[in-house]
$ cat work_16.cif   # mmCIF, C-alpha atoms
data_structure
loop_
_atom_site.group_PDB
_atom_site.id
_atom_site.type_symbol
_atom_site.label_atom_id
_atom_site.label_comp_id
_atom_site.auth_asym_id
_atom_site.auth_seq_id
_atom_site.Cartn_x
_atom_site.Cartn_y
_atom_site.Cartn_z
ATOM 1 C CA MET A 128 88.124 -80.890 154.314
ATOM 2 C CA ALA A 129 86.693 -77.465 155.120
ATOM 3 C CA LEU A 130 90.124 -76.281 156.197
ATOM 4 C CA LEU A 131 91.652 -77.556 152.945
ATOM 5 C CA ALA A 132 88.973 -75.799 150.910
ATOM 6 C CA LEU A 133 89.524 -72.582 152.842
ATOM 7 C CA ALA A 134 93.287 -72.803 152.352
ATOM 8 C CA SER A 135 92.816 -73.384 148.622
ATOM 9 C CA THR A 136 90.475 -70.395 148.367
ATOM 10 C CA VAL A 137 92.912 -68.162 150.231
ATOM 11 C CA ALA A 138 95.810 -69.296 148.009
ATOM 12 C CA SER A 139 93.786 -68.605 144.856
ATOM 13 C CA GLY A 140 92.847 -65.182 146.164
ATOM 14 C CA LEU A 141 96.475 -64.352 146.906
ATOM 15 C CA ARG A 142 97.538 -65.441 143.425
ATOM 16 C CA ALA A 143 94.772 -63.324 141.874
ATOM 17 C CA LEU A 144 95.832 -60.370 144.019
ATOM 18 C CA LEU A 145 99.461 -60.760 142.910
ATOM 19 C CA VAL A 146 98.450 -60.974 139.248
ATOM 20 C CA LEU A 147 96.188 -57.944 139.606
ATOM 21 C CA ARG A 148 98.916 -55.996 141.355
ATOM 22 C CA ALA A 149 101.385 -56.869 138.574
ATOM 23 C CA SER A 150 98.911 -55.981 135.854
ATOM 24 C CA THR A 151 98.008 -52.656 137.403
ATOM 25 C CA TRP A 152 101.623 -51.647 137.131
ATOM 26 C CA ALA A 153 102.123 -53.300 133.743
ATOM 27 C CA CYS A 154 101.768 -50.312 131.407
ATOM 28 C CA LEU A 155 103.378 -47.984 133.941
ATOM 29 C CA LEU A 156 106.427 -50.269 134.168
ATOM 30 C CA CYS A 157 106.703 -50.462 130.370
ATOM 31 C CA PHE A 158 106.639 -46.728 129.710
ATOM 32 C CA THR A 159 108.286 -45.247 132.808
ATOM 33 C CA THR A 160 111.538 -46.081 134.573
ATOM 34 C CA TYR A 161 112.062 -46.915 138.220
ATOM 35 C CA THR A 162 114.239 -43.827 138.572
ATOM 36 C CA GLU A 163 111.440 -41.613 137.228
ATOM 37 C CA ARG A 164 108.835 -43.096 139.592
ATOM 38 C CA VAL A 165 111.022 -42.876 142.690
ATOM 39 C CA GLY A 166 112.121 -39.385 141.706
ATOM 40 C CA ILE A 167 108.501 -38.214 141.540
ATOM 41 C CA CYS A 168 107.738 -39.639 145.005
ATOM 42 C CA ARG A 169 110.833 -38.044 146.464
ATOM 43 C CA MET A 170 109.764 -34.698 145.017
ATOM 44 C CA PHE A 171 106.321 -35.111 146.635
ATOM 45 C CA ALA A 172 107.331 -36.672 149.981
ATOM 46 C CA GLY A 173 110.964 -35.839 150.543
ATOM 47 C CA VAL A 174 114.173 -37.722 149.952
ATOM 48 C CA GLN A 175 113.678 -40.354 152.677
ATOM 49 C CA GLY A 176 111.163 -41.414 155.268
ATOM 50 C CA PRO A 177 107.959 -43.411 155.523
ATOM 51 C CA LYS A 178 106.092 -40.929 153.369
ATOM 52 C CA VAL A 179 108.086 -42.043 150.340
ATOM 53 C CA ASP A 180 106.763 -45.595 150.804
ATOM 54 C CA GLN A 181 103.244 -44.216 151.168
ATOM 55 C CA CYS A 182 103.735 -42.293 147.928
ATOM 56 C CA GLU A 183 104.778 -45.424 146.044
ATOM 57 C CA GLU A 184 101.746 -47.332 147.383
ATOM 58 C CA ALA A 185 99.493 -44.465 146.350
ATOM 59 C CA PHE A 186 101.063 -44.547 142.897
ATOM 60 C CA THR A 187 100.187 -48.262 142.647
ATOM 61 C CA ALA A 188 96.654 -47.773 143.931
ATOM 62 C CA ALA A 189 95.945 -44.942 141.507
ATOM 63 C CA PHE A 190 96.790 -47.092 138.481
ATOM 64 C CA GLN A 191 94.833 -50.170 139.544
ATOM 65 C CA GLY A 192 92.325 -49.406 136.804
ATOM 66 C CA LEU A 193 95.001 -50.006 134.166
ATOM 67 C CA SER A 194 94.956 -53.798 134.032
ATOM 68 C CA ASP A 195 96.966 -55.792 131.548
ATOM 69 C CA MET A 196 96.145 -54.247 128.196
ATOM 70 C CA GLU A 197 96.719 -55.073 124.553
ATOM 71 C CA ILE A 198 97.558 -51.976 122.531
ATOM 72 C CA ASN A 199 97.795 -51.591 118.783
ATOM 73 C CA TYR A 200 101.512 -51.885 118.070
ATOM 74 C CA GLU A 201 101.453 -48.833 115.806
ATOM 75 C CA GLU A 202 100.175 -46.775 118.767
ATOM 76 C CA ARG A 203 103.006 -47.785 121.090
ATOM 77 C CA SER A 204 105.012 -44.600 120.467
ATOM 78 C CA HIS A 205 101.927 -42.452 121.086
ATOM 79 C CA LEU A 206 101.308 -44.174 124.403
ATOM 80 C CA HIS A 207 104.945 -43.699 125.354
ATOM 81 C CA ASP A 208 104.597 -39.971 124.645
ATOM 82 C CA SER A 209 101.488 -39.849 126.855
ATOM 83 C CA PHE A 210 103.345 -41.422 129.778
ATOM 84 C CA THR A 211 106.261 -39.034 129.257
ATOM 85 C CA GLN A 212 103.870 -36.098 129.370
ATOM 86 C CA MET A 213 102.267 -37.527 132.516
ATOM 87 C CA THR A 214 105.686 -37.794 134.197
ATOM 88 C CA LEU A 215 106.487 -34.170 133.405
ATOM 89 C CA SER A 216 103.101 -33.026 134.711
ATOM 90 C CA LEU A 217 103.580 -34.887 138.003
ATOM 91 C CA GLN A 218 107.029 -33.372 138.419
ATOM 92 C CA GLU A 219 105.553 -29.916 137.902
ATOM 93 C CA GLU A 220 102.854 -30.562 140.525
ATOM 94 C CA ALA A 221 105.445 -31.861 142.975
ATOM 95 C CA ALA A 222 107.556 -28.779 142.417
ATOM 96 C CA ALA A 223 104.449 -26.651 143.089
ATOM 97 C CA ARG A 224 103.970 -28.419 146.455
ATOM 98 C CA GLY A 225 100.924 -30.336 145.302
ATOM 99 C CA SER A 226 99.565 -33.481 146.955
ATOM 100 C CA PHE A 227 100.300 -36.902 145.456
ATOM 101 C CA GLU A 228 96.984 -38.182 146.890
ATOM 102 C CA VAL A 229 95.280 -35.843 144.426
ATOM 103 C CA ALA A 230 97.854 -35.853 141.598
ATOM 104 C CA PHE A 231 98.135 -39.636 141.089
ATOM 105 C CA PRO A 232 94.394 -40.430 140.614
ATOM 106 C CA ALA A 233 94.056 -37.468 138.254
ATOM 107 C CA ALA A 234 97.063 -38.676 136.212
ATOM 108 C CA ALA A 235 95.630 -42.224 136.050
ATOM 109 C CA GLU A 236 92.298 -40.914 134.711
ATOM 110 C CA LYS A 237 94.097 -38.947 132.026
ATOM 111 C CA MET A 238 96.045 -42.071 130.988
ATOM 112 C CA LYS A 239 92.815 -44.088 130.757
ATOM 113 C CA SER A 240 91.360 -41.461 128.429
ATOM 114 C CA ALA A 241 94.552 -41.434 126.344
ATOM 115 C CA ILE A 242 94.482 -45.232 125.967
ATOM 116 C CA LEU A 243 90.820 -45.225 124.931
ATOM 117 C CA GLN A 244 91.628 -42.760 122.140
ATOM 118 C CA LEU A 245 94.307 -45.014 120.629
ATOM 119 C CA LYS A 246 93.635 -47.004 117.484
ATOM 120 C CA LYS A 247 92.044 -50.339 118.364
ATOM 121 C CA VAL A 248 93.802 -53.677 117.963
ATOM 122 C CA GLN A 249 92.901 -55.380 114.678
ATOM 123 C CA PRO A 250 91.168 -58.744 115.147
ATOM 124 C CA CYS A 251 92.789 -61.961 113.953
ATOM 125 C CA ILE A 252 91.358 -63.383 110.733
ATOM 126 C CA PRO A 253 91.545 -67.192 110.643
ATOM 127 C CA PRO A 254 92.560 -69.682 109.473
ATOM 128 C CA CYS A 255 96.204 -68.882 108.710
ATOM 129 C CA GLY A 256 98.936 -66.362 108.027
ATOM 130 C CA ILE A 257 101.315 -64.037 109.834
ATOM 131 C CA GLN A 258 99.105 -60.962 110.095
ATOM 132 C CA GLU A 259 101.320 -57.993 110.838
ATOM 133 C CA VAL A 260 98.335 -55.632 110.912
ATOM 134 C CA THR A 261 97.112 -57.453 114.034
ATOM 135 C CA ARG A 262 100.373 -57.025 115.948
ATOM 136 C CA ARG A 263 99.661 -55.843 119.465
ATOM 137 C CA PHE A 264 101.772 -54.657 122.407
ATOM 138 C CA ARG A 265 101.109 -56.333 125.763
ATOM 139 C CA CYS A 266 101.872 -54.308 128.850
ATOM 140 C CA LEU A 267 102.118 -57.399 131.052
ATOM 141 C CA GLY A 268 105.596 -58.452 129.957
ATOM 142 C CA CYS A 269 106.259 -55.428 127.711
ATOM 143 C CA TYR A 270 106.406 -57.400 124.440
ATOM 144 C CA SER A 271 104.634 -57.520 121.105
ATOM 145 C CA THR A 272 102.974 -60.457 119.403
ATOM 146 C CA VAL A 273 100.834 -61.358 116.401
ATOM 147 C CA CYS A 274 97.934 -63.765 116.062
ATOM 148 C CA ASP A 275 98.770 -67.342 116.960
ATOM 149 C CA LEU A 276 97.822 -68.797 113.582
ATOM 150 C CA PRO A 277 99.721 -71.305 111.409
ATOM 151 C CA LEU A 278 101.699 -70.207 108.364
ATOM 152 C CA ASP A 279 100.209 -73.001 106.217
ATOM 153 C CA CYS A 280 96.628 -72.560 105.054
ATOM 154 C CA PRO A 281 94.272 -75.533 104.551
ATOM 155 C CA VAL A 282 94.344 -77.258 101.157
ATOM 156 C CA GLN A 283 91.674 -76.027 98.742
ATOM 157 C CA ASP A 284 90.287 -78.659 96.344
ATOM 158 C CA VAL A 285 89.801 -77.631 92.718
ATOM 159 C CA THR A 286 88.202 -79.990 90.187
ATOM 160 C CA VAL A 287 88.578 -79.195 86.474
ATOM 161 C CA SER A 288 87.686 -81.203 83.388
ATOM 162 C CA ARG A 289 90.500 -82.169 81.083
ATOM 163 C CA GLY A 290 91.021 -79.555 78.379
ATOM 164 C CA ASP A 291 89.400 -76.764 80.389
ATOM 165 C CA GLN A 292 91.095 -73.918 82.308
ATOM 166 C CA ALA A 293 92.277 -73.916 85.926
ATOM 167 C CA LEU A 294 92.721 -70.589 87.735
ATOM 168 C CA PHE A 295 94.328 -70.197 91.164
ATOM 169 C CA SER A 296 94.056 -66.944 93.122
ATOM 170 C CA CYS A 297 96.670 -66.438 95.851
ATOM 171 C CA VAL A 298 94.572 -64.106 98.024
ATOM 172 C CA VAL A 299 94.180 -64.001 101.810
ATOM 173 C CA GLY A 300 91.484 -62.460 103.956
ATOM 174 C CA PHE A 301 93.758 -60.116 105.909
ATOM 175 C CA PRO A 302 95.448 -56.932 104.643
ATOM 176 C CA LEU A 303 98.983 -57.237 103.279
ATOM 177 C CA PRO A 304 101.751 -54.626 103.468
ATOM 178 C CA GLU A 305 101.602 -52.190 100.567
ATOM 179 C CA GLU A 306 105.221 -52.627 99.455
ATOM 180 C CA GLU A 307 107.736 -55.414 98.802
ATOM 181 C CA ILE A 308 105.119 -58.147 98.359
ATOM 182 C CA THR A 309 106.177 -61.024 96.079
ATOM 183 C CA TYR A 310 104.684 -64.394 95.166
ATOM 184 C CA SER A 311 106.342 -67.709 94.401
ATOM 185 C CA TRP A 312 104.695 -70.898 93.129
ATOM 186 C CA ARG A 313 105.596 -74.547 93.593
ATOM 187 C CA PHE A 314 104.084 -77.840 92.447
ATOM 188 C CA ALA A 315 103.856 -81.372 93.853
ATOM 189 C CA GLY A 316 102.747 -83.669 91.052
ATOM 190 C CA GLY A 317 100.107 -86.310 91.740
ATOM 191 C CA LEU A 318 99.866 -85.602 95.468
ATOM 192 C CA ARG A 319 97.511 -83.822 97.840
ATOM 193 C CA THR A 320 100.024 -82.623 100.399
ATOM 194 C CA ARG A 321 101.553 -79.715 102.319
ATOM 195 C CA ASP A 322 104.888 -81.434 102.851
ATOM 196 C CA ALA A 323 107.540 -79.043 101.498
ATOM 197 C CA SER A 324 109.855 -81.891 100.506
ATOM 198 C CA TYR A 325 107.533 -82.925 97.635
ATOM 199 C CA PHE A 326 107.355 -79.514 95.954
ATOM 200 C CA ARG A 327 109.468 -78.156 93.113
ATOM 201 C CA ASP A 328 109.747 -74.520 92.108
ATOM 202 C CA MET A 329 107.880 -73.037 89.140
ATOM 203 C CA PRO A 330 110.229 -70.158 88.215
ATOM 204 C CA ARG A 331 108.067 -68.839 85.364
ATOM 205 C CA ALA A 332 105.021 -68.351 87.628
ATOM 206 C CA ARG A 333 104.768 -64.805 88.971
ATOM 207 C CA GLY A 334 102.046 -62.738 90.604
ATOM 208 C CA TYR A 335 99.049 -63.710 92.673
ATOM 209 C CA LEU A 336 97.196 -65.387 89.779
ATOM 210 C CA ALA A 337 98.183 -68.657 88.116
ATOM 211 C CA ARG A 338 96.376 -70.118 85.108
ATOM 212 C CA ILE A 339 96.706 -73.480 83.378
ATOM 213 C CA ARG A 340 95.098 -74.150 80.022
ATOM 214 C CA PRO A 341 94.368 -76.579 78.665
ATOM 215 C CA VAL A 342 94.438 -78.732 81.775
ATOM 216 C CA GLN A 343 95.953 -82.184 81.251
ATOM 217 C CA PRO A 344 96.188 -85.237 83.547
ATOM 218 C CA THR A 345 99.860 -84.398 84.179
ATOM 219 C CA HIS A 346 98.696 -81.232 85.983
ATOM 220 C CA ARG A 347 97.026 -83.245 88.732
ATOM 221 C CA GLY A 348 98.640 -82.423 92.065
ATOM 222 C CA THR A 349 99.065 -79.664 94.648
ATOM 223 C CA PHE A 350 100.023 -76.119 93.718
ATOM 224 C CA CYS A 351 101.501 -73.987 96.494
ATOM 225 C CA CYS A 352 101.637 -70.192 96.537
ATOM 226 C CA VAL A 353 103.935 -68.471 99.026
ATOM 227 C CA ILE A 354 103.249 -64.813 99.860
ATOM 228 C CA LEU A 355 106.422 -63.026 100.930
ATOM 229 C CA HIS A 356 107.073 -59.605 102.406
ATOM 230 C CA ASP A 357 110.699 -58.551 102.110
ATOM 231 C CA GLN A 358 111.583 -62.249 101.582
ATOM 232 C CA ARG A 359 109.732 -63.252 104.789
ATOM 233 C CA PRO A 360 106.812 -65.685 104.266
ATOM 234 C CA LEU A 361 103.441 -64.390 105.418
ATOM 235 C CA ALA A 362 101.247 -67.272 104.247
ATOM 236 C CA ARG A 363 101.364 -70.473 102.199
ATOM 237 C CA LEU A 364 98.241 -71.343 100.210
ATOM 238 C CA TYR A 365 97.619 -74.798 98.718
ATOM 239 C CA PHE A 366 95.405 -75.817 95.789
ATOM 240 C CA PHE A 367 94.866 -79.483 94.931
ATOM 241 C CA LEU A 368 93.953 -79.798 91.253
ATOM 242 C CA ASN A 369 91.947 -82.907 90.354
ATOM 243 C CA VAL A 370 91.597 -83.475 86.598
ATOM 244 C CA THR A 371 88.546 -85.401 85.443
ATOM 245 C CA GLY A 372 86.782 -86.394 82.235
ATOM 246 C CA ALA A 373 87.765 -86.088 78.595
ATOM 247 C CA PRO A 374 88.492 -82.892 76.644
ATOM 248 C CA PRO A 375 85.666 -81.189 74.721
ATOM 249 C CA ARG A 376 85.077 -82.753 71.272
ATOM 250 C CA GLY A 377 85.673 -79.520 69.352
ATOM 251 C CA GLU A 378 88.969 -78.909 71.080
ATOM 252 C CA THR A 379 90.063 -82.506 70.470
ATOM 253 C CA GLU A 380 89.438 -82.200 66.707
ATOM 254 C CA LEU A 381 91.299 -78.912 66.631
ATOM 255 C CA GLN A 382 94.274 -80.440 68.413
ATOM 256 C CA VAL A 383 94.346 -83.370 65.963
ATOM 257 C CA ALA A 384 94.273 -80.997 62.983
ATOM 258 C CA PHE A 385 97.033 -78.914 64.520
ATOM 259 C CA ARG A 386 99.222 -81.992 64.987
ATOM 260 C CA GLU A 387 98.666 -82.975 61.335
ATOM 261 C CA VAL A 388 99.791 -79.526 60.227
ATOM 262 C CA LEU A 389 102.937 -79.808 62.328
ATOM 263 C CA ARG A 390 103.718 -83.234 60.820
ATOM 264 C CA TRP A 391 103.172 -82.125 57.196
ATOM 265 C CA ALA A 392 106.322 -81.112 55.295
ATOM 266 C CA PRO A 393 106.126 -80.069 51.558
ATOM 267 C CA ARG A 394 108.313 -82.022 49.095
ATOM 268 C CA ASP A 395 110.185 -80.578 46.098
ATOM 269 C CA ALA A 396 108.021 -82.544 43.587
ATOM 270 C CA GLU A 397 104.926 -80.922 45.026
ATOM 271 C CA MET A 398 106.233 -77.370 44.798
ATOM 272 C CA ILE A 399 103.858 -75.130 42.775
ATOM 273 C CA GLU A 400 105.560 -73.065 40.093
ATOM 274 C CA PRO A 401 104.096 -70.220 37.979
ATOM 275 C CA TRP A 402 102.945 -71.199 34.399
ATOM 276 C CA ARG A 403 105.099 -69.777 31.606
ATOM 277 C CA PRO A 404 103.463 -70.780 28.203
ATOM 278 C CA SER A 405 105.498 -71.124 24.983
ATOM 279 C CA LEU A 406 104.591 -69.354 21.713
ATOM 280 C CA GLY A 407 103.029 -72.549 20.360
ATOM 281 C CA GLU A 408 100.877 -72.901 23.518
ATOM 282 C CA LEU A 409 99.756 -69.315 23.206
ATOM 283 C CA LEU A 410 98.651 -69.875 19.576
ATOM 284 C CA ALA A 411 97.112 -73.287 20.298
ATOM 285 C CA ARG A 412 95.096 -72.146 23.310
ATOM 286 C CA PRO A 413 92.802 -69.196 22.561
ATOM 287 C CA GLU A 414 92.017 -68.754 26.261
ATOM 288 C CA ALA A 415 95.707 -67.990 26.786
ATOM 289 C CA LEU A 416 95.490 -64.906 24.531
ATOM 290 C CA THR A 417 94.851 -62.491 27.325
ATOM 291 C CA PRO A 418 95.439 -58.766 26.774
ATOM 292 C CA GLY A 419 98.801 -59.108 28.425
ATOM 293 C CA ASN A 420 99.787 -62.039 26.239
ATOM 294 C CA LEU A 421 98.554 -60.226 23.102
ATOM 295 C CA ALA A 422 100.711 -57.213 23.944
ATOM 296 C CA LEU A 423 103.697 -59.515 24.466
ATOM 297 C CA LEU A 424 103.042 -61.262 21.148
ATOM 298 C CA ALA A 425 102.784 -57.906 19.297
ATOM 299 C CA ALA A 426 106.068 -56.813 20.845
ATOM 300 C CA VAL A 427 107.752 -60.022 19.694
ATOM 301 C CA VAL A 428 106.408 -59.580 16.104
ATOM 302 C CA ALA A 429 107.531 -55.949 15.998
ATOM 303 C CA LEU A 430 110.996 -56.878 17.231
ATOM 304 C CA ALA A 431 111.276 -59.656 14.706
ATOM 305 C CA SER A 432 110.160 -57.308 11.898
ATOM 306 C CA ALA A 433 112.636 -54.619 12.949
ATOM 307 C CA SER A 434 115.435 -57.156 13.174
ATOM 308 C CA GLY A 435 114.614 -58.435 9.677
ATOM 309 C CA THR A 436 114.579 -54.907 8.271
ATOM 310 C CA VAL A 437 117.971 -54.125 9.789
ATOM 311 C CA LEU A 438 119.474 -57.324 8.398
ATOM 312 C CA VAL A 439 118.131 -56.646 4.894
ATOM 313 C CA TRP A 440 119.460 -53.052 4.980
ATOM 314 C CA MET A 441 122.919 -54.233 6.123
ATOM 315 C CA PHE A 442 123.013 -56.879 3.393
ATOM 316 C CA LEU A 443 122.081 -54.388 0.652
ATOM 317 C CA ARG A 444 124.686 -51.916 1.875
ATOM 318 C CA TRP A 445 127.377 -54.577 1.803
ATOM 319 C CA TYR A 446 126.328 -55.755 -1.624
ATOM 320 C CA LEU A 447 126.298 -52.238 -3.148
ATOM 321 C CA SER A 448 129.628 -51.315 -1.606
ATOM 322 C CA GLY A 449 131.262 -54.235 -3.456
ATOM 323 C CA ASP A 450 130.285 -52.779 -6.855
#
$ encode --input "work_16.cif" --output "structure tokens"
Amino acid sequence: MALLALASTVASGLRALLVLRASTWACLLCFTTYTERVGICRMFAGVQGPKVDQCEEAFTAAFQGLSDMEINYEERSHLHDSFTQMTLSLQEEAAARGSFEVAFPAAAEKMKSAILQLKKVQPCIPPCGIQEVTRRFRCLGCYSTVCDLPLDCPVQDVTVSRGDQALFSCVVGFPLPEEEITYSWRFAGGLRTRDASYFRDMPRARGYLARIRPVQPTHRGTFCCVILHDQRPLARLYFFLNVTGAPPRGETELQVAFREVLRWAPRDAEMIEPWRPSLGELLARPEALTPGNLALLAAVVALASASGTVLVWMFLRWYLSGD
């Protein structure tokens, strides 16, 4: 049993040593080429010979402090520039007949300082979403990744009384890209679900805010907001709307009155016409003799008098011309 335990311990130690050895080279392998590394050792130790192997081992030992690291993805190009500058500096020292035993540890210390000055990796903000601002570059494997969080957010329950207003805010806790952000809304009637097959599009809904008023029982169900960046979904938020109670009394009375107005249609017999009194009505009703009506009556009398005068004058002229 002791031998088995010892063998297991030795195996674990070897695996840890292999992982450590791989991780110490991780960033160096990502940002320098094999040709560059071998070329530097050949400049320090000659084209061939055992000293070249010693140089490569010294290169590995010097960078043991650079374990597997996660680097802010936006800083990847800056780190690449730092390694390029390091390679050029080592080539200059080799050309000046410097010692790799001294040059490699000094270069590793400079790279540690350069990495510490890079912008830090943004932390993941649960519970959901593809958070591009948290993208990081991993030296062990030379690849980038984002937080391992689901695209679908948990369902939020919203309870609103019938006739009131429901407001949904499609907002997440992590920063979004500044450009090309769009929002789309969908609805699954009567269900509390995240199953995409139950949802239908709401083409008139735009923006990160959605409002329903007045809320009716037919609005009960799950509303889904999809946040997209350049047509790629970043997060899906869900709001289950539960409608309870009756509408407020004042609003109910107003709705009833409004429906009565919509149903009412005026008939021709009920049309109101302006009152046009006759001459007899004007004389029979003193209250009708307004200043306007008096002026109209005087004009009628004057016209009648003038017409009578003209007729009498024409008759007399005709009669006298016959004599």
$ atom_distance --input "work_16.cif" --atom1 "atom CA of A:Ala315" --atom2 "atom CA of A:Gly300"
24.8 Å
$ closest_residue --input "work_16.cif" --among "A:Leu424, A:Leu361, A:Ala188, A:Met213" --to "A:Thr309" --atoms "only C-alpha atoms"
A:Leu361
$ residues_around --input "work_16.cif" --residues "A:Leu318" --least-positions-apart "2" --cutoff "12 Å" --atoms "all atoms listed in the file" --output "ChimeraX atom specification"
/A:282,284,314-316,320-326,345-351,365-369
$ atom_distance --input "work_16.cif" --atom1 "atom CA of A:Phe190" --atom2 "atom CA of A:Lys237"
10.7 Å
$ resolve_selection --input "work_16.cif" --expression "the PyMOL selection byres ((chain A and resi 279) around 8)" --output "VMD selection string"
chain A and resid 255 to 256 277 to 278 280 to 281 321 362 to 364
$ atom_distance --input "work_16.cif" --atom1 "atom CA of A:Val165" --atom2 "atom CA of A:Cys269"
20.1 Å
$ closest_residue --input "work_16.cif" --among "A:Ser204, A:Gln249, A:Gln175, A:Thr214" --to "A:Thr159" --atoms "all atoms listed in the file"
A:Thr214
$ closest_residue --input "work_16.cif" --among "A:Arg289, A:Cys297, A:Ala429, A:Gln358" --to "A:Gly372" --atoms "all atoms listed in the file"
A:Arg289
$ closest_residue --input "work_16.cif" --among "A:Val298, A:Ile339, A:Cys266, A:Ala431" --to "A:Leu156" --atoms "all atoms listed in the file"
A:Cys266
$ closest_residue --input "work_16.cif" --among "A:Ile252, A:Met441, A:Met329, A:Ala189" --to "A:Ala234" --atoms "all atoms listed in the file"
A:Ala189
$ residues_around --input "work_16.cif" --residues "A:Glu201" --least-positions-apart "2" --cutoff "10 Å" --atoms "only C-alpha atoms" --output "number ranges by chain"
A: 198-199, 203-206, 245-248, 260-264
$ closest_residue --input "work_16.cif" --among "A:Ala172, A:Leu215, A:Ala293, A:Ile354" --to "A:Trp312" --atoms "only C-alpha atoms"
A:Ile354
$ resolve_selection --input "work_16.cif" --expression "the PyMOL selection byres ((chain A and resi 239) around 12)" --output "NGL selection string"
:A and (154-155 or 189-194 or 196 or 206 or 209-210 or 213 or 232-238 or 240-245)
$ write_last_selection --input "work_16.cif" --atoms "C-alpha atoms" --output "PDB file, keeping the file's coordinate frame"
ATOM      1  CA  CYS A 154     101.768 -50.312 131.407  1.00  0.00           C
ATOM      2  CA  LEU A 155     103.378 -47.984 133.941  1.00  0.00           C
ATOM      3  CA  ALA A 189      95.945 -44.942 141.507  1.00  0.00           C
ATOM      4  CA  PHE A 190      96.790 -47.092 138.481  1.00  0.00           C
ATOM      5  CA  GLN A 191      94.833 -50.170 139.544  1.00  0.00           C
ATOM      6  CA  GLY A 192      92.325 -49.406 136.804  1.00  0.00           C
ATOM      7  CA  LEU A 193      95.001 -50.006 134.166  1.00  0.00           C
ATOM      8  CA  SER A 194      94.956 -53.798 134.032  1.00  0.00           C
ATOM      9  CA  MET A 196      96.145 -54.247 128.196  1.00  0.00           C
ATOM     10  CA  LEU A 206     101.308 -44.174 124.403  1.00  0.00           C
ATOM     11  CA  SER A 209     101.488 -39.849 126.855  1.00  0.00           C
ATOM     12  CA  PHE A 210     103.345 -41.422 129.778  1.00  0.00           C
ATOM     13  CA  MET A 213     102.267 -37.527 132.516  1.00  0.00           C
ATOM     14  CA  PRO A 232      94.394 -40.430 140.614  1.00  0.00           C
ATOM     15  CA  ALA A 233      94.056 -37.468 138.254  1.00  0.00           C
ATOM     16  CA  ALA A 234      97.063 -38.676 136.212  1.00  0.00           C
ATOM     17  CA  ALA A 235      95.630 -42.224 136.050  1.00  0.00           C
ATOM     18  CA  GLU A 236      92.298 -40.914 134.711  1.00  0.00           C
ATOM     19  CA  LYS A 237      94.097 -38.947 132.026  1.00  0.00           C
ATOM     20  CA  MET A 238      96.045 -42.071 130.988  1.00  0.00           C
ATOM     21  CA  SER A 240      91.360 -41.461 128.429  1.00  0.00           C
ATOM     22  CA  ALA A 241      94.552 -41.434 126.344  1.00  0.00           C
ATOM     23  CA  ILE A 242      94.482 -45.232 125.967  1.00  0.00           C
ATOM     24  CA  LEU A 243      90.820 -45.225 124.931  1.00  0.00           C
ATOM     25  CA  GLN A 244      91.628 -42.760 122.140  1.00  0.00           C
ATOM     26  CA  LEU A 245      94.307 -45.014 120.629  1.00  0.00           C
TER      27      LEU A 245
END
$ resolve_selection --input "work_16.cif" --expression "the PyMOL selection byres ((chain A and resi 356) around 6)" --output "list in words"
Glu307, Ile308, Leu355, Asp357, Gln358 and Arg359 of chain A
$ build_atoms --input "work_16.cif" --residues "stretch 323-333 of chain A" --atoms "N, CA and C atoms" --output "mmCIF file, in the frame of the given file"
data_model
loop_
_atom_site.group_PDB
_atom_site.id
_atom_site.type_symbol
_atom_site.label_atom_id
_atom_site.label_comp_id
_atom_site.auth_asym_id
_atom_site.auth_seq_id
_atom_site.Cartn_x
_atom_site.Cartn_y
_atom_site.Cartn_z
ATOM 1 N N ALA A 323 106.671 -79.846 102.372
ATOM 2 C CA ALA A 323 107.540 -79.043 101.498
ATOM 3 C C ALA A 323 108.526 -79.881 100.713
ATOM 4 N N SER A 324 108.849 -81.080 101.186
ATOM 5 C CA SER A 324 109.855 -81.891 100.506
ATOM 6 C C SER A 324 109.380 -82.418 99.158
ATOM 7 N N TYR A 325 108.068 -82.407 98.896
ATOM 8 C CA TYR A 325 107.533 -82.925 97.635
ATOM 9 C C TYR A 325 107.401 -81.850 96.555
ATOM 10 N N PHE A 326 107.626 -80.601 96.893
ATOM 11 C CA PHE A 326 107.355 -79.514 95.954
ATOM 12 C C PHE A 326 108.610 -79.129 95.178
ATOM 13 N N ARG A 327 108.400 -78.726 93.942
ATOM 14 C CA ARG A 327 109.468 -78.156 93.113
ATOM 15 C C ARG A 327 109.047 -76.764 92.660
ATOM 16 N N ASP A 328 110.027 -75.912 92.465
ATOM 17 C CA ASP A 328 109.747 -74.520 92.108
ATOM 18 C C ASP A 328 109.210 -74.407 90.685
ATOM 19 N N MET A 329 108.391 -73.389 90.479
ATOM 20 C CA MET A 329 107.880 -73.037 89.140
ATOM 21 C C MET A 329 108.375 -71.623 88.847
ATOM 22 N N PRO A 330 109.599 -71.484 88.334
ATOM 23 C CA PRO A 330 110.229 -70.158 88.215
ATOM 24 C C PRO A 330 109.502 -69.204 87.278
ATOM 25 N N ARG A 331 108.752 -69.733 86.309
ATOM 26 C CA ARG A 331 108.067 -68.839 85.364
ATOM 27 C C ARG A 331 106.756 -68.293 85.918
ATOM 28 N N ALA A 332 106.280 -68.825 87.032
ATOM 29 C CA ALA A 332 105.021 -68.351 87.628
ATOM 30 C C ALA A 332 105.296 -67.136 88.500
ATOM 31 N N ARG A 333 104.599 -66.049 88.225
ATOM 32 C CA ARG A 333 104.768 -64.805 88.971
ATOM 33 C C ARG A 333 103.383 -64.206 89.244
#
